[in-house]
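**Q** First the structure, which I've put down as structure tokens, then a few questions once you've had a look.
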Amino acid sequence: MKVTYYIDNQQEKCDFFPEYENLVKNAVEGTLKYESFEKDCEISVTFTDNENIRELNREYRDIDRETDVLSFPMEDDGEEVVLGDVVISLEKAKEQAEEYGHSIEREISFLCVHSCLHLLGYDHETSEDDEKIMFAKQEEILKNIGQIR
């Protein structure tokens, strides 16, 4: 499996460190490995701020509030699968890390794993059972990649 990444920082409110790109890659590859996903694929991850993610949330989900992460799944286009796009509010991730008492690195990893599971078809909003399944997978993946608190 080969993963092609498109990682972009489009915000200026929080410091963006090069190690964040490695966190994204580790979280995505850890999720794909856990799910036994073996196809070559590509994924786009964009870091933004609360204002921009609120606009995207309003435009694409009709929810007029900021959120931490949005997932935009794509379709399989043959040999290489385009998993989709992930948009993370780095500003919200920093707030949540402080609120939950863990590192920004752990929060970025969590958001990437969470979003990657969405790109693979999991949805915690469909039922309580689906939520339990997805959240259990998230915790296991975070343990596997060394990001459990």
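Each chain in the structure tokens gets a letter, A, B and so on, in the order shown; residues start at 1 in every chain, and ligands are counted from 1 in the order they appear.
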So that I can check the surroundings of His114 of chain A, please list as a PyMOL selection string every protein, DNA and RNA residue that reaches within 9 Å of it, counting only C-alpha atoms and ignoring chain neighbours fewer than 2 positions away.
**A** chain A and resi 31+69+109-112+116-119+134-135+138
**Q** Give me the residues near Glu139 of chain A as a PyMOL selection string, where near means some atom within 10 Å (using only C-alpha atoms) and where sequence neighbours in that chain fewer than 2 positions away do not count.
**A** chain A and resi 110+113-114+134-137+141-144+147-149
**Q** Mind checking which residues fall within 12 Å of segment 90-102 of chain A, counting only C-alpha atoms, ignoring those fewer than 6 positions away in the same chain, and posting them as a CSV table (one decimal) with N, CA and C atoms, in the first residue's frame?
**A**
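Output file around-v6.csv is given in full below:
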chain,number,residue,atom,x,y,z
A,8,ASP,N,-1.8,20.6,3.8
A,8,ASP,CA,-1.7,22.0,3.6
A,8,ASP,C,-2.1,22.8,4.9
A,9,ASN,N,-1.3,23.8,5.3
A,9,ASN,CA,-1.7,24.6,6.4
A,9,ASN,C,-2.3,25.9,5.9
A,10,GLN,N,-3.5,26.2,6.1
A,10,GLN,CA,-4.2,27.4,5.5
A,10,GLN,C,-4.6,28.3,6.7
A,11,GLN,N,-4.0,28.2,7.8
A,11,GLN,CA,-4.4,29.1,8.9
A,11,GLN,C,-3.1,29.7,9.5
A,12,GLU,N,-3.3,30.8,10.2
A,12,GLU,CA,-2.2,31.6,10.8
A,12,GLU,C,-2.4,31.8,12.3
A,13,LYS,N,-3.5,31.3,12.9
A,13,LYS,CA,-3.8,31.6,14.3
A,13,LYS,C,-3.0,30.7,15.3
A,14,CYS,N,-2.6,29.6,14.8
A,14,CYS,CA,-1.8,28.7,15.7
A,14,CYS,C,-0.5,28.3,15.0
A,15,ASP,N,0.5,28.1,15.8
A,15,ASP,CA,1.8,27.6,15.3
A,15,ASP,C,1.6,26.3,14.6
A,16,PHE,N,2.2,26.1,13.4
A,16,PHE,CA,2.1,24.9,12.7
A,16,PHE,C,3.5,24.3,12.6
A,17,PHE,N,3.7,23.1,13.1
A,17,PHE,CA,5.0,22.5,13.1
A,17,PHE,C,5.1,21.4,12.1
A,20,TYR,N,3.6,17.9,12.6
A,20,TYR,CA,2.2,17.7,12.4
A,20,TYR,C,1.9,16.8,11.2
A,45,VAL,N,-5.3,16.5,3.5
A,45,VAL,CA,-5.5,17.0,4.9
A,45,VAL,C,-5.2,18.5,4.9
A,46,THR,N,-6.2,19.3,5.3
A,46,THR,CA,-6.0,20.8,5.3
A,46,THR,C,-6.2,21.2,6.8
A,47,PHE,N,-5.2,22.0,7.3
A,47,PHE,CA,-5.4,22.6,8.6
A,47,PHE,C,-5.9,24.0,8.4
A,48,THR,N,-7.0,24.4,9.1
A,48,THR,CA,-7.6,25.7,9.0
A,48,THR,C,-7.9,26.2,10.4
A,49,ASP,N,-8.7,27.3,10.4
A,49,ASP,CA,-9.1,27.9,11.7
A,49,ASP,C,-10.6,27.7,12.0
A,50,ASN,N,-11.0,28.2,13.1
A,50,ASN,CA,-12.4,28.0,13.5
A,50,ASN,C,-13.4,28.8,12.5
A,51,GLU,N,-13.0,29.9,12.1
A,51,GLU,CA,-13.8,30.7,11.2
A,51,GLU,C,-14.1,30.0,9.9
A,52,ASN,N,-13.0,29.5,9.3
A,52,ASN,CA,-13.1,28.8,8.0
A,52,ASN,C,-13.9,27.5,8.1
A,53,ILE,N,-13.6,26.7,9.2
A,53,ILE,CA,-14.3,25.4,9.3
A,53,ILE,C,-15.8,25.7,9.6
A,54,ARG,N,-16.1,26.8,10.2
A,54,ARG,CA,-17.5,27.1,10.4
A,54,ARG,C,-18.2,27.4,9.1
A,65,ARG,N,-22.0,26.4,12.9
A,65,ARG,CA,-21.1,26.5,14.1
A,65,ARG,C,-19.7,25.8,13.7
A,66,GLU,N,-18.7,26.2,14.5
A,66,GLU,CA,-17.4,25.6,14.2
A,66,GLU,C,-17.4,24.2,14.7
A,67,THR,N,-16.5,23.4,14.1
A,67,THR,CA,-16.3,22.0,14.5
A,67,THR,C,-14.8,21.7,14.5
A,68,ASP,N,-14.5,20.6,14.9
A,68,ASP,CA,-13.0,20.3,15.0
A,68,ASP,C,-12.5,19.7,13.7
A,69,VAL,N,-13.3,18.8,13.0
A,69,VAL,CA,-12.8,18.2,11.8
A,69,VAL,C,-14.0,17.9,10.9
A,108,ILE,N,-4.5,16.0,17.4
A,108,ILE,CA,-4.4,15.9,15.9
A,108,ILE,C,-4.5,14.5,15.5
A,109,SER,N,-3.8,13.6,16.2
A,109,SER,CA,-3.8,12.2,15.8
A,109,SER,C,-5.3,11.6,15.9
A,110,PHE,N,-5.9,12.0,17.0
A,110,PHE,CA,-7.3,11.5,17.2
A,110,PHE,C,-8.2,12.0,16.1
A,111,LEU,N,-8.1,13.3,15.7
A,111,LEU,CA,-8.9,13.9,14.7
A,111,LEU,C,-8.7,13.2,13.3
A,112,CYS,N,-7.4,12.9,13.1
A,112,CYS,CA,-7.1,12.2,11.8
A,112,CYS,C,-7.6,10.8,11.8
A,147,GLN,N,-0.6,7.0,20.7
A,147,GLN,CA,-1.2,8.3,21.1
A,147,GLN,C,-2.4,8.2,22.1
A,148,ILE,N,-2.4,7.1,22.8
A,148,ILE,CA,-3.4,7.0,23.9
A,148,ILE,C,-2.9,7.7,25.1
A,149,ARG,N,-3.8,8.4,25.8
A,149,ARG,CA,-3.4,9.1,27.0
A,149,ARG,C,-3.3,8.2,28.2
**Q** Report the residues of segment 1-128 of chain A whose backbone DSSP state falls under strand (DSSP E or B), written as a ChimeraX atom specification.
**A** /A:3-9,41-48,69-73,76,81-89
**Q** Please, could you write that set of residues out with C-alpha atoms as a PDB file, in the first residue's frame?
**A**
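out-v3.pdb written:
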ATOM      1  CA  VAL A   3      -0.405   6.549   0.414  1.00  0.00           C
ATOM      2  CA  THR A   4      -0.049   9.881  -1.365  1.00  0.00           C
ATOM      3  CA  TYR A   5      -0.576  12.850   0.931  1.00  0.00           C
ATOM      4  CA  TYR A   6      -1.558  16.423   0.211  1.00  0.00           C
ATOM      5  CA  ILE A   7      -1.112  18.305   3.491  1.00  0.00           C
ATOM      6  CA  ASP A   8      -1.683  22.049   3.629  1.00  0.00           C
ATOM      7  CA  ASN A   9      -1.704  24.620   6.430  1.00  0.00           C
ATOM      8  CA  CYS A  41      -4.645   5.682  -2.087  1.00  0.00           C
ATOM      9  CA  GLU A  42      -4.447   9.413  -1.674  1.00  0.00           C
ATOM     10  CA  ILE A  43      -5.754  11.743   0.992  1.00  0.00           C
ATOM     11  CA  SER A  44      -5.836  15.491   1.395  1.00  0.00           C
ATOM     12  CA  VAL A  45      -5.525  17.026   4.874  1.00  0.00           C
ATOM     13  CA  THR A  46      -5.976  20.755   5.332  1.00  0.00           C
ATOM     14  CA  PHE A  47      -5.401  22.629   8.571  1.00  0.00           C
ATOM     15  CA  THR A  48      -7.615  25.667   8.987  1.00  0.00           C
ATOM     16  CA  VAL A  69     -12.841  18.172  11.819  1.00  0.00           C
ATOM     17  CA  LEU A  70     -14.772  17.610   8.599  1.00  0.00           C
ATOM     18  CA  SER A  71     -14.472  14.602   6.310  1.00  0.00           C
ATOM     19  CA  PHE A  72     -15.303  14.610   2.625  1.00  0.00           C
ATOM     20  CA  PRO A  73     -15.189  11.039   1.258  1.00  0.00           C
ATOM     21  CA  ASP A  76     -12.749   4.712  -5.858  1.00  0.00           C
ATOM     22  CA  VAL A  81      -8.356   5.078  -4.359  1.00  0.00           C
ATOM     23  CA  VAL A  82      -8.974   8.728  -3.563  1.00  0.00           C
ATOM     24  CA  LEU A  83     -10.043   8.439   0.071  1.00  0.00           C
ATOM     25  CA  GLY A  84     -11.117  12.052   0.317  1.00  0.00           C
ATOM     26  CA  ASP A  85     -10.447  15.321   2.040  1.00  0.00           C
ATOM     27  CA  VAL A  86     -10.001  16.051   5.727  1.00  0.00           C
ATOM     28  CA  VAL A  87     -10.217  19.569   7.145  1.00  0.00           C
ATOM     29  CA  ILE A  88      -8.992  20.108  10.705  1.00  0.00           C
ATOM     30  CA  SER A  89      -9.408  23.296  12.684  1.00  0.00           C
TER      31      SER A  89
END
**Q** Please identify the alpha helix (DSSP H) residues within segment 60-97 of chain A (assignment by DSSP from backbone atoms) and present them as a PyMOL selection string.
**A** chain A and resi 60-61+90-97
